[in-house]
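File shown: query_38.cif (mmCIF, C-alpha atoms and all ligand atoms).
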data_upload
#
loop_
_atom_site.label_atom_id
_atom_site.label_comp_id
_atom_site.auth_asym_id
_atom_site.auth_seq_id
_atom_site.Cartn_x
_atom_site.Cartn_y
_atom_site.Cartn_z
CA MET N 1 42.35 170.59 100.79
CA THR N 2 38.98 168.95 101.21
CA GLU N 3 37.80 167.05 98.17
CA ARG N 4 35.49 169.94 97.36
CA GLU N 5 38.40 172.43 97.55
CA LEU N 6 40.51 170.12 95.42
CA ILE N 7 37.86 169.96 92.70
CA ALA N 8 37.42 173.76 92.85
CA PHE N 9 41.19 174.14 92.45
CA PHE N 10 41.12 171.80 89.43
CA GLU N 11 38.22 173.68 87.82
CA ASP N 12 40.03 176.99 88.29
CA ILE N 13 43.21 175.65 86.65
CA HIS N 14 41.13 174.14 83.85
CA ALA N 15 39.47 177.51 83.20
CA HIS N 16 42.86 179.25 82.98
CA PRO N 17 45.06 177.14 80.69
CA GLU N 18 48.57 178.39 79.96
CA LEU N 19 50.94 177.15 77.24
CA GLY N 20 54.45 175.78 77.84
CA PHE N 21 56.79 178.14 79.74
CA GLU N 22 53.89 180.59 80.20
CA GLU N 23 52.46 178.84 83.28
CA ARG N 24 52.83 181.88 85.57
CA ARG N 25 49.33 181.90 87.01
CA THR N 26 49.31 178.12 87.48
CA THR N 27 52.69 178.34 89.22
CA ALA N 28 51.41 181.12 91.50
CA LYS N 29 48.28 179.13 92.40
CA VAL N 30 50.32 176.02 93.25
CA LEU N 31 52.73 178.07 95.37
CA GLU N 32 49.84 179.75 97.18
CA VAL N 33 48.43 176.40 98.31
CA LEU N 34 51.85 174.89 99.16
CA ASN N 35 52.77 177.94 101.22
CA ALA N 36 49.41 177.97 103.02
CA HIS N 37 50.07 174.38 104.12
CA GLY N 38 53.70 174.92 105.08
CA VAL N 39 55.14 172.70 102.34
CA THR N 40 58.80 173.46 101.59
CA VAL N 41 59.41 174.90 98.11
CA LEU N 42 62.95 174.55 96.81
CA SER N 43 64.47 177.60 95.18
CA SER N 44 64.86 176.27 91.67
CA GLY N 45 65.21 179.48 89.70
CA LEU N 46 62.44 178.20 87.40
CA GLU N 47 60.31 181.00 85.99
CA THR N 48 57.39 178.60 85.68
CA GLY N 49 57.19 175.27 87.49
CA VAL N 50 57.74 174.32 91.11
CA ILE N 51 59.79 171.75 93.01
CA ALA N 52 58.32 171.06 96.45
CA GLN N 53 59.79 168.81 99.11
CA VAL N 54 58.37 166.89 102.06
CA GLY N 55 60.33 164.85 104.60
CA LYS N 56 63.46 165.10 106.64
CA GLY N 57 66.95 166.36 105.95
CA GLU N 58 69.58 165.51 103.38
CA THR N 59 69.44 161.82 102.73
CA ASP N 60 69.97 159.20 100.06
CA ARG N 61 66.35 158.11 100.37
CA VAL N 62 64.70 160.42 97.86
CA ILE N 63 61.61 159.66 95.80
CA GLY N 64 60.46 161.94 92.98
CA LEU N 65 56.88 162.55 91.89
CA ARG N 66 56.30 164.45 88.68
CA CYS N 67 53.33 166.18 87.08
CA ASP N 68 53.13 168.65 84.21
CA MET N 69 51.28 171.99 84.09
CA ASP N 70 50.99 173.22 80.51
CA ALA N 71 48.01 173.37 78.17
CA LEU N 72 47.62 173.08 74.39
CA PRO N 73 46.83 175.57 71.62
CA ILE N 74 43.33 174.11 71.06
CA GLN N 75 39.93 175.86 71.13
CA GLU N 76 37.90 174.04 73.79
CA GLU N 77 34.54 172.55 72.78
CA SER N 78 33.72 170.66 75.97
CA ASN N 79 30.75 172.82 77.07
CA LEU N 80 31.87 172.38 80.68
CA PRO N 81 30.72 175.12 83.09
CA TYR N 82 34.42 175.65 83.91
CA ALA N 83 35.63 175.54 80.29
CA SER N 84 38.68 177.54 79.21
CA LEU N 85 38.42 181.30 79.52
CA HIS N 86 41.46 181.71 77.26
CA ALA N 87 40.52 181.61 73.58
CA GLY N 88 42.54 179.06 71.62
CA LYS N 89 44.05 177.44 74.71
CA MET N 90 42.83 174.35 76.48
CA HIS N 91 43.83 171.75 79.04
CA ALA N 92 43.17 168.96 76.54
CA CYS N 93 45.81 166.57 77.91
CA GLY N 94 44.71 166.57 81.57
CA HIS N 95 47.73 168.48 82.87
CA ASP N 96 45.28 170.50 85.01
CA PHE N 97 44.28 167.15 86.55
CA HIS N 98 47.92 166.17 87.09
CA THR N 99 48.78 169.50 88.73
CA SER N 100 45.77 169.39 91.06
CA CYS N 101 46.30 165.75 91.96
CA MET N 102 50.02 166.12 92.75
CA LEU N 103 49.32 169.29 94.73
CA GLN N 104 46.91 167.33 96.90
CA THR N 105 49.48 164.52 97.12
CA ALA N 106 52.00 167.05 98.45
CA LEU N 107 49.52 168.18 101.12
CA LEU N 108 48.69 164.58 102.09
CA LEU N 109 52.43 163.87 102.41
CA LYS N 110 52.90 167.02 104.52
CA ALA N 111 50.14 165.83 106.88
CA ARG N 112 52.01 162.50 107.25
CA GLU N 113 55.52 163.97 107.29
CA SER N 114 56.49 162.15 110.49
CA GLU N 115 56.06 158.83 108.65
CA ILE N 116 58.54 159.82 105.92
CA HIS N 117 62.10 158.68 106.68
CA GLY N 118 63.70 160.45 103.76
CA LEU N 119 62.54 162.99 101.20
CA VAL N 120 59.81 163.19 98.60
CA LYS N 121 60.39 165.78 95.89
CA ILE N 122 57.28 166.81 94.00
CA VAL N 123 57.96 168.30 90.56
CA PHE N 124 55.37 170.55 88.89
CA GLN N 125 56.96 170.63 85.46
CA PRO N 126 56.39 173.31 82.81
CA ALA N 127 56.24 172.74 79.05
CA GLU N 128 55.72 169.01 78.57
CA GLU N 129 53.83 169.50 75.30
CA ILE N 130 56.74 171.34 73.70
CA ALA N 131 59.05 168.69 75.05
CA ASN N 132 61.78 170.56 76.79
CA GLY N 133 60.34 171.32 80.22
CA ALA N 134 61.83 168.19 81.80
CA LYS N 135 65.33 169.13 80.65
CA ARG N 136 64.93 172.57 82.15
CA VAL N 137 63.76 171.09 85.48
CA LEU N 138 66.67 168.61 85.51
CA ALA N 139 69.10 171.44 84.81
CA THR N 140 68.24 172.93 88.23
CA GLY N 141 70.40 170.17 89.73
CA LEU N 142 67.82 169.66 92.49
CA LEU N 143 66.92 166.11 91.49
CA GLN N 144 70.33 164.47 91.31
CA ASN N 145 69.79 162.29 94.38
CA VAL N 146 66.32 161.03 93.42
CA ARG N 147 66.43 157.23 93.36
CA GLU N 148 62.98 156.50 91.85
CA PHE N 149 60.63 158.70 89.83
CA TYR N 150 56.87 158.32 89.42
CA GLY N 151 54.83 160.18 86.81
CA ILE N 152 51.09 160.62 86.40
CA HIS N 153 48.93 160.80 83.30
CA SER N 154 45.17 160.90 82.92
CA TYR N 155 43.75 158.15 80.73
CA PRO N 156 40.25 158.60 79.29
CA TRP N 157 39.81 154.96 78.24
CA PHE N 158 39.84 153.64 81.82
CA PRO N 159 37.03 154.44 84.26
CA VAL N 160 37.65 156.25 87.53
CA GLY N 161 39.11 153.74 89.99
CA THR N 162 41.42 152.08 87.45
CA LEU N 163 45.17 152.64 87.22
CA GLY N 164 47.26 151.70 84.19
CA ILE N 165 50.59 150.24 85.28
CA LYS N 166 52.65 148.36 82.72
CA GLU N 167 56.28 147.30 82.75
CA GLY N 168 58.64 148.03 79.87
CA PRO N 169 58.16 150.60 77.11
CA VAL N 170 54.87 152.52 77.34
CA MET N 171 55.53 155.60 75.21
CA ALA N 172 57.77 156.24 72.22
CA ALA N 173 60.71 158.46 71.39
CA PRO N 174 59.16 161.19 69.20
CA ASP N 175 61.81 162.33 66.71
CA ARG N 176 61.32 164.73 63.81
CA PHE N 177 63.02 164.80 60.44
CA VAL N 178 63.11 167.17 57.48
CA ILE N 179 64.40 166.13 54.04
CA ARG N 180 65.03 168.71 51.32
CA LEU N 181 65.53 167.45 47.78
CA LEU N 182 67.32 170.02 45.67
CA GLY N 183 66.94 169.88 41.89
CA LYS N 184 67.03 172.51 39.20
CA GLY N 185 64.11 174.73 38.32
CA ALA N 186 62.77 174.84 34.79
CA HIS N 187 59.75 175.72 32.68
CA GLY N 188 56.98 173.15 33.21
CA ALA N 189 57.10 172.43 29.50
CA GLU N 190 60.91 171.98 29.41
CA PRO N 191 61.76 169.29 31.99
CA HIS N 192 64.90 168.39 30.08
CA HIS N 193 66.38 171.78 31.05
CA GLY N 194 65.85 171.14 34.78
CA ILE N 195 66.01 168.44 37.44
CA ASP N 196 62.56 167.77 38.85
CA PRO N 197 62.65 167.30 42.67
CA ILE N 198 58.92 166.48 42.80
CA VAL N 199 59.38 163.16 41.00
CA ALA N 200 62.20 162.40 43.42
CA LEU N 201 59.93 163.35 46.33
CA GLY N 202 57.31 160.83 45.16
CA ALA N 203 59.93 158.07 45.15
CA LEU N 204 61.22 159.19 48.52
CA ILE N 205 57.77 158.99 50.14
CA GLN N 206 57.31 155.43 48.90
CA SER N 207 60.79 154.31 49.89
CA THR N 208 60.59 155.57 53.48
CA GLN N 209 57.68 153.20 54.09
CA THR N 210 59.94 150.21 53.48
CA ILE N 211 62.11 150.93 56.52
CA VAL N 212 59.70 149.61 59.15
CA SER N 213 58.00 147.00 56.94
CA ARG N 214 61.17 145.52 55.41
CA THR N 215 64.13 146.19 57.68
CA LEU N 216 62.87 146.02 61.28
CA ASP N 217 61.94 142.98 63.34
CA PRO N 218 58.12 142.68 62.99
CA PHE N 219 57.93 142.25 66.77
CA SER N 220 59.56 145.62 67.33
CA PRO N 221 56.95 148.40 67.02
CA ALA N 222 58.08 151.56 65.23
CA LEU N 223 56.71 153.97 62.68
CA VAL N 224 57.75 156.52 60.08
CA SER N 225 55.12 159.11 59.13
CA ILE N 226 55.63 161.79 56.52
CA THR N 227 53.19 164.45 57.63
CA HIS N 228 54.14 167.51 55.57
CA VAL N 229 55.26 167.81 51.96
CA GLU N 230 55.87 170.98 50.06
CA ALA N 231 57.07 171.80 46.55
CA GLY N 232 56.37 174.41 43.94
CA ASN N 233 53.71 177.10 43.85
CA THR N 234 52.19 177.10 40.42
CA TRP N 235 51.23 174.86 37.48
CA ASN N 236 53.82 175.63 34.85
CA VAL N 237 57.11 175.81 36.76
CA ILE N 238 59.28 172.92 37.92
CA PRO N 239 60.56 174.06 41.32
CA GLU N 240 64.12 173.96 42.65
CA CYS N 241 63.27 172.16 45.87
CA ALA N 242 60.85 169.65 47.40
CA ILE N 243 60.48 169.06 51.14
CA ALA N 244 59.24 166.13 53.20
CA GLU N 245 58.87 166.45 56.97
CA GLY N 246 57.66 163.88 59.43
CA THR N 247 58.11 161.90 62.59
CA VAL N 248 59.74 158.66 63.65
CA ARG N 249 58.48 156.79 66.72
CA THR N 250 60.51 154.03 68.32
CA LEU N 251 60.66 152.18 71.64
CA ASN N 252 64.39 151.45 71.82
CA SER N 253 67.64 153.16 70.91
CA GLU N 254 68.75 150.52 68.35
CA ASP N 255 65.61 150.95 66.22
CA ARG N 256 65.91 154.69 66.63
CA ALA N 257 69.47 154.79 65.30
CA HIS N 258 68.60 152.30 62.55
CA ILE N 259 65.68 154.38 61.25
CA GLU N 260 67.66 157.62 61.34
CA ALA N 261 70.48 156.01 59.35
CA SER N 262 67.98 154.42 56.91
CA LEU N 263 66.24 157.74 56.28
CA ARG N 264 69.59 159.37 55.53
CA ARG N 265 70.54 156.54 53.18
CA ILE N 266 67.21 156.66 51.33
CA ALA N 267 67.26 160.46 51.08
CA ASN N 268 70.75 160.44 49.58
CA GLY N 269 70.12 157.40 47.39
CA VAL N 270 66.78 158.57 45.97
CA ALA N 271 68.21 162.04 45.40
CA GLU N 272 71.17 160.62 43.52
CA ALA N 273 68.98 158.32 41.43
CA HIS N 274 67.06 161.38 40.24
CA GLY N 275 70.03 163.70 39.83
CA CYS N 276 69.13 165.75 42.89
CA THR N 277 70.99 166.37 46.13
CA ALA N 278 69.49 165.82 49.59
CA GLU N 279 69.74 167.74 52.84
CA PHE N 280 68.75 165.85 55.96
CA GLU N 281 67.78 167.27 59.36
CA TRP N 282 67.20 165.08 62.42
CA HIS N 283 65.65 166.63 65.54
CA GLU N 284 65.86 164.21 68.44
CA GLY N 285 62.91 164.26 70.87
CA SER N 286 62.82 162.74 74.35
CA PRO N 287 63.65 159.02 74.70
CA ALA N 288 60.97 156.31 75.01
CA VAL N 289 59.31 155.97 78.42
CA ILE N 290 60.37 152.60 79.85
CA ASN N 291 58.81 151.50 83.14
CA ASP N 292 60.90 149.50 85.59
CA PRO N 293 59.41 145.98 85.96
CA SER N 294 59.98 145.49 89.70
CA LEU N 295 58.75 148.98 90.61
CA CYS N 296 55.67 148.30 88.45
CA ALA N 297 54.99 145.15 90.41
CA GLU N 298 55.20 147.10 93.69
CA ALA N 299 52.94 149.86 92.39
CA ARG N 300 50.41 147.38 91.04
CA ALA N 301 50.30 145.51 94.34
CA LEU N 302 49.66 148.78 96.18
CA ALA N 303 46.94 149.78 93.70
CA LEU N 304 45.11 146.50 94.31
CA GLU N 305 45.57 146.81 98.07
CA MET N 306 44.00 150.27 97.93
CA GLY N 307 40.97 149.01 96.00
CA PHE N 308 41.91 150.15 92.49
CA GLN N 309 41.65 148.03 89.38
CA ALA N 310 45.16 147.76 87.96
CA GLU N 311 45.41 147.32 84.20
CA ARG N 312 48.32 146.94 81.87
CA GLN N 313 47.50 149.89 79.65
CA GLU N 314 48.11 149.74 75.93
CA ASN N 315 51.28 151.38 74.66
CA THR N 316 51.00 154.52 72.66
CA MET N 317 53.51 155.82 70.14
CA GLY N 318 53.00 159.30 71.58
CA GLY N 319 55.97 160.93 73.31
CA GLU N 320 56.39 162.10 76.91
CA ASP N 321 59.37 163.90 78.35
CA PHE N 322 58.92 162.06 81.67
CA SER N 323 61.49 159.77 80.05
CA GLU N 324 64.17 162.42 80.68
CA TYR N 325 63.96 161.73 84.44
CA LEU N 326 64.29 158.00 83.78
CA GLN N 327 67.70 158.54 82.20
CA TYR N 328 69.01 159.03 85.76
CA CYS N 329 67.00 156.55 87.86
CA PRO N 330 64.29 153.91 87.42
CA GLY N 331 60.63 154.78 87.69
CA VAL N 332 57.07 154.24 86.54
CA PHE N 333 54.74 156.34 84.43
CA ILE N 334 51.26 155.61 85.80
CA ARG N 335 48.00 156.22 83.95
CA VAL N 336 45.00 157.26 86.03
CA GLY N 337 41.58 156.34 84.66
CA THR N 338 39.59 159.56 84.19
CA GLY N 339 36.65 158.13 82.30
CA GLY N 340 36.03 160.29 79.24
CA ALA N 341 34.56 159.86 75.77
CA TYR N 342 37.28 161.68 73.82
CA ALA N 343 40.99 161.14 73.36
CA SER N 344 43.50 163.56 74.82
CA HIS N 345 44.29 166.51 72.51
CA HIS N 346 40.64 166.47 71.32
CA PRO N 347 38.69 169.74 71.79
CA LYS N 348 36.00 167.81 73.69
CA PHE N 349 38.45 165.97 75.98
CA THR N 350 37.31 165.89 79.63
CA VAL N 351 38.41 164.24 82.84
CA ASP N 352 36.14 163.21 85.70
CA PRO N 353 37.29 165.16 88.79
CA ALA N 354 36.09 162.25 90.96
CA ALA N 355 39.41 160.60 90.06
CA LEU N 356 41.44 163.34 91.78
CA GLN N 357 41.23 162.44 95.46
CA PRO N 358 41.74 158.66 95.14
CA ALA N 359 44.73 159.19 92.83
CA ALA N 360 46.26 161.75 95.21
CA LYS N 361 45.94 159.24 98.07
CA PHE N 362 47.54 156.54 95.93
CA PHE N 363 50.58 158.64 95.01
CA ALA N 364 51.03 159.77 98.64
CA GLU N 365 50.92 156.18 99.89
CA LEU N 366 53.22 155.01 97.08
CA ALA N 367 55.77 157.71 97.87
CA ILE N 368 55.77 156.93 101.59
CA ARG N 369 56.19 153.20 101.02
CA ARG N 370 58.96 153.68 98.48
CA VAL N 371 60.89 156.24 100.49
CA ASN N 372 60.79 153.94 103.52
CA ALA N 373 61.52 150.76 101.54
ZN ZN B 1 49.59 165.89 75.53
ZN ZN B 2 50.05 164.95 78.57
#
Is it possible to give me this structure as structure tokens?
Ligand SMILES: [Zn+2]
Ligand SMILES: [Zn+2]
Amino acid sequence: MTERELIAFFEDIHAHPELGFEERRTTAKVLEVLNAHGVTVLSSGLETGVIAQVGKGETDRVIGLRCDMDALPIQEESNLPYASLHAGKMHACGHDFHTSCMLQTALLLKARESEIHGLVKIVFQPAEEIANGAKRVLATGLLQNVREFYGIHSYPWFPVGTLGIKEGPVMAAPDRFVIRLLGKGAHGAEPHHGIDPIVALGALIQSTQTIVSRTLDPFSPALVSITHVEAGNTWNVIPECAIAEGTVRTLNSEDRAHIEASLRRIANGVAEAHGCTAEFEWHEGSPAVINDPSLCAEARALALEMGFQAERQENTMGGEDFSEYLQYCPGVFIRVGTGGAYASHHPKFTVDPAALQPAAKFFAELAIRRVNA
């Protein structure tokens, strides 16, 4: 695609956001362009999402590139001329940018196929925001021989022309927990005939905040947030049950296991202290994203050689299921500066399409160098 065609493709995808596992139109549009340019599409059996391949034959030199395609349930307020046409849905995380960029990367690789002594597999992943698209893509079994994976994410806090490449942990494991404290209902005026789970809930909320502050190494970033509490429904009844739900964010598996165990201990201990019983649910999200140091050094050197600024971006405690691919091989999650004024997931989030073509060229060059390395 020319740069103009690329930007038109991006605007079209932006205008037609689709939520996780509903990316049928986006998938069809990607396939249309890949087919028109003779890029091989692997038969993955995925209902939404695409795995394309460029290069030669079966080989042990396989590099993976990954982008995501899904949008968010947000009402867009960007006022862009190509703003979302789907009420209540918006590409507020730049996955339209990622899809367009990696599509162009695939075409650039196809045009240079004779230089590729191995294979590049380009993954257009569904359902990143609901955090199980990567697992579904991996379950196709088509990525088993990939030896390095590279992921893309737009980054509004860097200008166009800057890439964020940082070794080590860059995104957190986003786990979810639910604690139910079970007491005994009673008249609001007769607490001695019941067991009040709301008082226990108050103690529980306070106690959970001691896990990070008092039991973890201060140099090891982690957090526990209780984001949802619920108990009772009127003023003169002590309810049976009180609920606290929230999220834990960690950057390594030791802290993750420690916080889970601590939450269980506190839930049971606080419940017992108040005469209640506790039920504990733990819903494990994707692991932390941990970039390989030597591959980061290579990618940063290439970025500088190609005229980009290369920054070590700040970590975020957000989650990203790109980490699922890194359970099987090393890789790097690379942030592309897209120069906006609003954070991702904000209804006014925008990306500058001028970042598309340079980023596509970077990922094509990176893939060729790494496959031939
Ligand atoms: Zn997002
Ligand atoms: Zn995202």
Min atom-atom distance to N:Ile195 from the set N:Gly275, N:Pro218, N:Pro347, N:Gly318, counting all atoms listed in the file, belongs to N:Gly275
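The space between atom CA of N:Glu148 and atom CA of N:Phe333 spans 11.1 Å.
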Go through N:Pro169, N:Gly38, N:Pro239, N:Gly94 one by one, measure the shortest atom-to-atom distance of each to ligand ZN 2 (chain B) using all atoms listed in the file, and give the residue with the smallest value.
N:Gly94
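Coordinates place atom CA of N:Ile63 at a distance of 10.1 Å from atom CA of N:Cys329.
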Could you pull out the residues sitting within 12 Å of ligand ZN 1 (chain B), using all atoms listed in the file, and write them as an MDAnalysis selection string?
chainID N and resid 19:20 68:74 90:96 98 127:131 153:155 171 316 318:322 343:346 349
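Across N:Pro156, N:Gln53, N:Asp175, N:Pro191, the tightest approach to N:Phe124 is made by N:Gln53 when counting only C-alpha atoms.
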